[in-house]
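Each remark here refers to the structure printed beneath this line.
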Amino acid sequence: MNNVFSIDLIHRDSPNSPFYDPSLSFTERMNNSFHRSFNRSISLCSPSSSVVVASNNGEYLMRYSIGTPPVHTLGVADTGSDLTWTQCLPCKNCFKQQSRIFNPKKSSTYKPLHCSSKMCHAANFPTSCNRMKKKTCRYHVRYGDNSYSIGDLATETIRFGSSKNKRVKLKKTVIGCGHNNAGTFSGDKESGIVGLGGGKFSLISQMGSSIGGKFSYCLAPFYQQKNYIPKSKIHFGTDGFVPGDKVVTTPLARKFPATYYFLTLEGVSVGKERLDFRNVSFSYGEGNIIIDSGTVLTLFSPEIYVKLESMVKSAIKLPTVADPTGSLNLCYKSISIDKIPIITMHFIGADLRLGPWNTFVATSDSSMCFAFAASYGGQIFGNIAQMNFLVGYDLKNKRVSFKATDCSK
């Protein structure tokens with residue numbers, strides 16, 4: 001293990017994000033993020049037999065550079081995608097991009113993959129042979145919102161500037177060089193995707209033994225405070241290990257597709273009242289929930305959500321109000337922290353106690369809403385519920401660990 005480093009994760013709605021729009025109200029930003037959650041759940045949990053990866057509209061961004069000499073770029077950090085790709089010249093059809101588009105002809109370390117290469121045939125997304133370009137391996141990734149990227153698979157050098165001022169160089173990394181990219185990519189600020197999923201093509205898998213199969217992240221809460229900048233981080237290698245006491249660990253379930261990180265949730269408690277999923281057959285089973293950093297809300301099947309909402313209502317016993325964003329179902333005009341019950345997620349071998357900041361979110365100056373919702377797309381453990389936890393992934397031993405942590409420090 002020789003790659004040990006940490007990188008800043010930039011929340012797309014924070015003032016230091018290029019996506020930040022000061023003209024939007026906090027309510028409008030939250031509403032947009034909720035809609036991204038619902039759209040993402042449909043793509044993550046699509047029953048289609050063809051491979052469709054999650055929506056490209058993730059919640060966190062990573063800065064990195066590509067090629068030699070390096071070209072600086074910004075990508076959406078996505079635990080629901082494998083392939084890391086960027087827009088490339090020549091562009092047959094590209095979305096508008098503020099930063100310089102990568103030109104592979106000017107990089108001394110760029111090398112297209114041949115059609116006969118093992119990696120070309122190992123992809124969990126469609127590939128073909130481009131006979132017009134010396135039999136190079138062509139890829140086609142499609143997103144749940146019908147966005148797409150088509151281009152050449154290649155090996156290239158990727159560099160990260162870690163938060164400890166250490167330059168990290170990843171040589172011969174398989175990337176996608178996108179020459180035909182379109183859809184709902186977020187304006188002109190990003191250039192593509194940084195794939196952090198569990199499949200063969202993800203950065204995590206390609207770094208492999210150099211990081212010991214370990215990475216973690218710590219997501220800082222997103223508050224409605226002027227000039228507040230959440231400082232979230234992602235750690236690789238031994239930096240990704242979750243140390244100390246009060247760590248709870250649950251196994252990763254083996255399910256298709258390997259891109260997603262599946263956990264098994266046995267039930268949820270509100271205070272001392274428990275909802276056991278074994279009594280709700282549709283929602284119980286190995287790998288019944290995806291843990292995802294790119295989805296804001298925690299989403300359950302409608303039959304689970306209705307029961308859970310009723311339990312929360314019974315525990316709080318206050319008048320409810322309508323959500324100003326029109327997205328969430330259970331809201332209160334004003335609620336003190338001590339009125340919010342502890343909600344415990346009962347993963348196999350790990351009882352994770354969620355604090356008020358993990359279960360309720362301010363949707364305006366005068367409303368707090370339950371940050372869980374019903375979804376027909378599938379069940380997802382979202383990023384609000386993960387905030388202020390150090391969340392560690394150990395892919396070698398197939399497990400995920402949680403430790404309560406002040407992620408703003």
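Here's how to read the names in the structure tokens: chain A, B, ... by the order shown, residue numbers from 1 in each chain, ligand numbers from 1 in the order shown.
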- Message: For Thr250 of chain A, find every residue with an atom within 12 Å (counting only C-alpha atoms), except residues of its own chain fewer than 4 positions away, and show them as a PyMOL selection string.
- Response: chain A and resi 261-266+286-287+291+345-352+391-394+397-402
- Mind listing the strand (DSSP E or B) residues of segment 170-408 of chain A, per DSSP on the backbone, as a ChimeraX atom specification? /A:170-182,192-195,214-218,232-236,248-251,253,262-263,265-270,273-276,289-291,298-300,320-321,331-332,343-347,350-354,360-364,367-370,372-374,380-381,389-394,399-404
- Query: Near segment 232-242 of chain A, within 8 Å and counting only C-alpha atoms, which residues show up once chain neighbours fewer than 5 positions away are dropped, as a PyMOL selection string?
  - Reply: chain A and resi 1-11+210-220+247+390-394+401-403+407-408
Residues as selected, N, CA, C and O atoms, written as a tab-separated table (two decimals), in the first residue's frame, can you do that?
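Here's the written file again_14.tsv:
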```tsv
chain	number	residue	atom	x	y	z
A	1	MET	N	0.85	-1.19	0.00
A	1	MET	CA	0.00	0.00	0.00
A	1	MET	C	0.89	1.24	0.00
A	1	MET	O	1.63	1.48	0.93
A	2	ASN	N	0.83	2.04	-1.08
A	2	ASN	CA	1.69	3.21	-1.14
A	2	ASN	C	0.95	4.49	-1.53
A	2	ASN	O	1.53	5.56	-1.52
A	3	ASN	N	-0.31	4.41	-1.89
A	3	ASN	CA	-1.10	5.60	-2.18
A	3	ASN	C	-1.97	5.92	-0.98
A	3	ASN	O	-2.98	5.26	-0.74
A	4	VAL	N	-1.54	6.91	-0.20
A	4	VAL	CA	-2.28	7.35	0.98
A	4	VAL	C	-2.49	8.85	0.83
A	4	VAL	O	-1.54	9.62	0.90
A	5	PHE	N	-3.73	9.25	0.58
A	5	PHE	CA	-3.96	10.68	0.35
A	5	PHE	C	-5.42	11.02	0.59
A	5	PHE	O	-6.28	10.14	0.65
A	6	SER	N	-5.67	12.32	0.73
A	6	SER	CA	-7.03	12.84	0.96
A	6	SER	C	-7.29	13.99	0.00
A	6	SER	O	-6.38	14.74	-0.35
A	7	ILE	N	-8.53	14.11	-0.43
A	7	ILE	CA	-8.92	15.13	-1.41
A	7	ILE	C	-10.18	15.83	-0.92
A	7	ILE	O	-11.06	15.21	-0.31
A	8	ASP	N	-10.28	17.12	-1.19
A	8	ASP	CA	-11.48	17.88	-0.85
A	8	ASP	C	-12.63	17.46	-1.76
A	8	ASP	O	-12.46	17.27	-2.97
A	9	LEU	N	-13.81	17.30	-1.16
A	9	LEU	CA	-15.04	17.12	-1.91
A	9	LEU	C	-15.80	18.44	-1.87
A	9	LEU	O	-16.04	18.98	-0.79
A	10	ILE	N	-16.16	18.95	-3.01
A	10	ILE	CA	-16.82	20.26	-3.10
A	10	ILE	C	-18.32	20.04	-3.28
A	10	ILE	O	-18.75	19.47	-4.28
A	11	HIS	N	-19.11	20.46	-2.30
A	11	HIS	CA	-20.56	20.33	-2.43
A	11	HIS	C	-21.02	21.28	-3.54
A	11	HIS	O	-20.64	22.44	-3.59
A	210	SER	N	-2.75	-0.64	-4.21
A	210	SER	CA	-1.99	0.55	-3.80
A	210	SER	C	-2.71	1.34	-2.71
A	210	SER	O	-2.08	2.11	-1.99
A	211	ILE	N	-4.02	1.15	-2.59
A	211	ILE	CA	-4.76	1.78	-1.48
A	211	ILE	C	-5.34	0.70	-0.56
A	211	ILE	O	-6.14	1.01	0.33
A	212	GLY	N	-4.95	-0.55	-0.77
A	212	GLY	CA	-5.44	-1.63	0.07
A	212	GLY	C	-6.93	-1.85	-0.05
A	212	GLY	O	-7.56	-2.42	0.84
A	213	GLY	N	-7.51	-1.38	-1.17
A	213	GLY	CA	-8.96	-1.52	-1.35
A	213	GLY	C	-9.76	-0.66	-0.39
A	213	GLY	O	-10.95	-0.92	-0.16
A	214	LYS	N	-9.14	0.38	0.19
A	214	LYS	CA	-9.81	1.19	1.22
A	214	LYS	C	-10.00	2.64	0.78
A	214	LYS	O	-9.07	3.25	0.25
A	215	PHE	N	-11.17	3.16	1.03
A	215	PHE	CA	-11.40	4.60	0.93
A	215	PHE	C	-12.52	4.98	1.89
A	215	PHE	O	-13.29	4.13	2.34
A	216	SER	N	-12.57	6.24	2.25
A	216	SER	CA	-13.63	6.72	3.15
A	216	SER	C	-13.93	8.16	2.81
A	216	SER	O	-13.16	8.84	2.11
A	217	TYR	N	-15.06	8.64	3.30
A	217	TYR	CA	-15.37	10.06	3.16
A	217	TYR	C	-16.05	10.55	4.41
A	217	TYR	O	-16.62	9.77	5.19
A	218	CYS	N	-15.98	11.86	4.61
A	218	CYS	CA	-16.62	12.51	5.75
A	218	CYS	C	-17.35	13.72	5.20
A	218	CYS	O	-16.72	14.67	4.70
A	219	LEU	N	-18.67	13.67	5.22
A	219	LEU	CA	-19.49	14.71	4.62
A	219	LEU	C	-19.96	15.69	5.68
A	219	LEU	O	-20.64	15.31	6.63
A	220	ALA	N	-19.58	16.94	5.52
A	220	ALA	CA	-19.96	17.98	6.48
A	220	ALA	C	-21.41	18.39	6.24
A	220	ALA	O	-21.86	18.45	5.09
A	247	VAL	N	-16.99	2.25	16.48
A	247	VAL	CA	-17.12	2.02	15.05
A	247	VAL	C	-18.08	0.85	14.86
A	247	VAL	O	-17.96	-0.17	15.54
A	390	LEU	N	-17.78	9.33	9.63
A	390	LEU	CA	-16.69	8.86	8.78
A	390	LEU	C	-17.16	7.53	8.24
A	390	LEU	O	-17.39	6.58	9.00
A	391	VAL	N	-17.34	7.46	6.92
A	391	VAL	CA	-17.87	6.26	6.28
A	391	VAL	C	-16.74	5.58	5.50
A	391	VAL	O	-16.21	6.16	4.55
A	392	GLY	N	-16.34	4.39	5.95
A	392	GLY	CA	-15.19	3.72	5.35
A	392	GLY	C	-15.59	2.48	4.57
A	392	GLY	O	-16.39	1.66	5.04
A	393	TYR	N	-15.03	2.35	3.38
A	393	TYR	CA	-15.29	1.20	2.51
A	393	TYR	C	-14.02	0.35	2.46
A	393	TYR	O	-12.95	0.84	2.08
A	394	ASP	N	-14.15	-0.90	2.82
A	394	ASP	CA	-13.04	-1.86	2.74
A	394	ASP	C	-13.45	-2.91	1.71
A	394	ASP	O	-14.16	-3.87	2.02
A	401	SER	N	-17.84	0.64	7.22
A	401	SER	CA	-17.82	1.02	8.64
A	401	SER	C	-18.28	2.46	8.81
A	401	SER	O	-18.09	3.30	7.92
A	402	PHE	N	-18.86	2.73	9.97
A	402	PHE	CA	-19.35	4.08	10.30
A	402	PHE	C	-18.82	4.49	11.68
A	402	PHE	O	-18.81	3.69	12.60
A	403	LYS	N	-18.43	5.75	11.77
A	403	LYS	CA	-18.03	6.29	13.07
A	403	LYS	C	-18.50	7.74	13.14
A	403	LYS	O	-18.21	8.55	12.25
A	407	CYS	N	-17.37	16.23	10.89
A	407	CYS	CA	-16.73	16.33	9.57
A	407	CYS	C	-16.39	17.76	9.17
A	407	CYS	O	-15.70	17.98	8.17
A	408	SER	N	-16.86	18.74	9.94
A	408	SER	CA	-16.55	20.14	9.59
A	408	SER	C	-15.16	20.55	10.04
A	408	SER	O	-14.65	21.58	9.66
```
- Grab the atom CA of Gly326 of chain A to atom CA of Thr359 of chain A distance for me, in Å with one decimal place. 17.7 Å
- Note on the structure: re atom CA of Lys339 of chain A and atom CA of Leu275 of chain A: distance 20.1 Å
- Hey, can you check how far atom CA of Asn358 of chain A sits from atom CA of Ile316 of chain A?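 Spanning atom CA of Asn358 of chain A to atom CA of Ile316 of chain A is a straight-line distance of 16.0 Å.
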- Compile the contact shell of segment 88-94 of chain A as a list in words: residues with an atom at most 7 Å away, counting only C-alpha atoms, same-chain residues fewer than 6 positions apart removed. Ile101, Phe102, Asn103, Pro104, Cys177, Gly178, His179, Asn180, Asn181 and Ala182 of chain A
- Residue neighbourhood Tyr20 of chain A, 10 Å, only C-alpha atoms, exclusion window fewer than 6 positions, as a PyMOL selection string: chain A and resi 11-14+29
- Item | Those in segment 66-250 of chain A with alpha helix (DSSP H) from DSSP, as a PyMOL selection string | chain A and resi 118-121+203-207
- Message: Give me the residues near Ala77 of chain A as a count of residues only, where near means some atom within 7 Å (using only C-alpha atoms) and where sequence neighbours in that chain fewer than 5 positions away do not count.
- Response: 8
- Query: So which one's closest to Ser99 of chain A, A:Pro15, A:Gly67, A:Gly183, A:Gly192? Using only C-alpha atoms, please.
  - Reply: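 Result for the nearest residue to Ser99 of chain A: A:Gly192.
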- Query: Which residue gives the smallest distance to Leu299 of chain A among A:Ile342, A:Ala371, A:Cys331, A:Ile337, with only C-alpha atoms counted?
  - Reply: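 Selected residue with least distance to Leu299 of chain A: A:Ala371.
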- Task: Go through A:Glu309, A:Asp292, A:Asp82, A:Asp276 one by one, measure the shortest atom-to-atom distance of each to Gly199 of chain A using only C-alpha atoms, and give the residue with the smallest value.
- Result: A:Asp82
- Message: Excluding Thr298 of chain A and its own-chain neighbours fewer than 6 positions away, which residues fall within 10 Å of it when counting only C-alpha atoms? Please give them as a list of chain:residue names.
- Response: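 Surrounding residues, per the criterion: A:Ser37, A:Phe38, A:Ser41, A:Ile289, A:Ile290, A:Ile291, A:Asp292, A:Asn358, A:Thr359, A:Phe370, A:Ala371, A:Phe372, A:Ala373, A:Ala374, A:Ser375, A:Gln379, A:Ile380, A:Phe381, A:Gly382, A:Asn383, A:Ile384, A:Ala385, A:Gln386.
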Take the residues from that selection and put them in a file with N, CA and C atoms, as a CSV table (one decimal), in the first residue's frame.
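File produced: out_4.csv:
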```
chain,number,residue,atom,x,y,z
A,37,SER,N,-32.4,13.7,-6.2
A,37,SER,CA,-32.5,12.4,-5.5
A,37,SER,C,-33.5,11.4,-6.1
A,38,PHE,N,-34.7,12.0,-6.4
A,38,PHE,CA,-35.8,11.1,-7.0
A,38,PHE,C,-35.3,10.6,-8.4
A,41,SER,N,-32.6,7.9,-8.0
A,41,SER,CA,-33.1,6.6,-7.4
A,41,SER,C,-33.7,5.7,-8.6
A,289,ILE,N,-30.6,-2.3,0.1
A,289,ILE,CA,-30.5,-0.8,0.1
A,289,ILE,C,-29.1,-0.5,-0.4
A,290,ILE,N,-29.0,0.6,-1.2
A,290,ILE,CA,-27.8,1.0,-1.8
A,290,ILE,C,-27.3,2.2,-0.9
A,291,ILE,N,-26.0,2.2,-0.5
A,291,ILE,CA,-25.5,3.4,0.1
A,291,ILE,C,-24.8,4.2,-1.0
A,292,ASP,N,-25.2,5.5,-1.0
A,292,ASP,CA,-24.8,6.4,-2.1
A,292,ASP,C,-24.5,7.8,-1.7
A,358,ASN,N,-29.3,14.3,10.7
A,358,ASN,CA,-29.3,13.2,9.7
A,358,ASN,C,-30.7,12.9,9.2
A,359,THR,N,-31.7,13.3,10.0
A,359,THR,CA,-33.1,12.9,9.7
A,359,THR,C,-34.0,14.0,9.4
A,370,PHE,N,-38.8,15.9,7.4
A,370,PHE,CA,-38.2,14.6,7.5
A,370,PHE,C,-37.4,14.3,6.2
A,371,ALA,N,-36.1,14.0,6.3
A,371,ALA,CA,-35.3,13.9,5.1
A,371,ALA,C,-35.3,12.4,4.6
A,372,PHE,N,-36.4,11.8,4.7
A,372,PHE,CA,-36.7,10.5,4.1
A,372,PHE,C,-37.9,10.6,3.2
A,373,ALA,N,-38.0,9.7,2.2
A,373,ALA,CA,-39.1,9.8,1.3
A,373,ALA,C,-39.4,8.5,0.7
A,374,ALA,N,-40.6,8.4,0.1
A,374,ALA,CA,-41.0,7.1,-0.6
A,374,ALA,C,-40.5,7.2,-2.1
A,375,SER,N,-40.0,6.1,-2.6
A,375,SER,CA,-39.6,6.0,-3.9
A,375,SER,C,-39.9,4.6,-4.5
A,379,GLN,N,-34.4,1.5,-2.9
A,379,GLN,CA,-34.1,2.0,-1.5
A,379,GLN,C,-32.6,2.5,-1.5
A,380,ILE,N,-32.4,3.7,-1.0
A,380,ILE,CA,-31.1,4.3,-1.0
A,380,ILE,C,-30.8,5.0,0.3
A,381,PHE,N,-29.7,4.7,0.9
A,381,PHE,CA,-29.2,5.4,2.1
A,381,PHE,C,-28.4,6.6,1.7
A,382,GLY,N,-29.1,7.8,1.8
A,382,GLY,CA,-28.6,9.0,1.1
A,382,GLY,C,-27.6,9.8,2.0
A,383,ASN,N,-27.1,10.9,1.4
A,383,ASN,CA,-26.0,11.6,2.0
A,383,ASN,C,-26.3,12.5,3.2
A,384,ILE,N,-27.6,12.9,3.4
A,384,ILE,CA,-27.9,13.7,4.6
A,384,ILE,C,-27.8,12.7,5.8
A,385,ALA,N,-28.2,11.5,5.6
A,385,ALA,CA,-28.1,10.5,6.7
A,385,ALA,C,-26.7,10.1,7.0
A,386,GLN,N,-25.8,10.3,6.1
A,386,GLN,CA,-24.4,10.0,6.3
A,386,GLN,C,-23.5,11.1,6.8
```
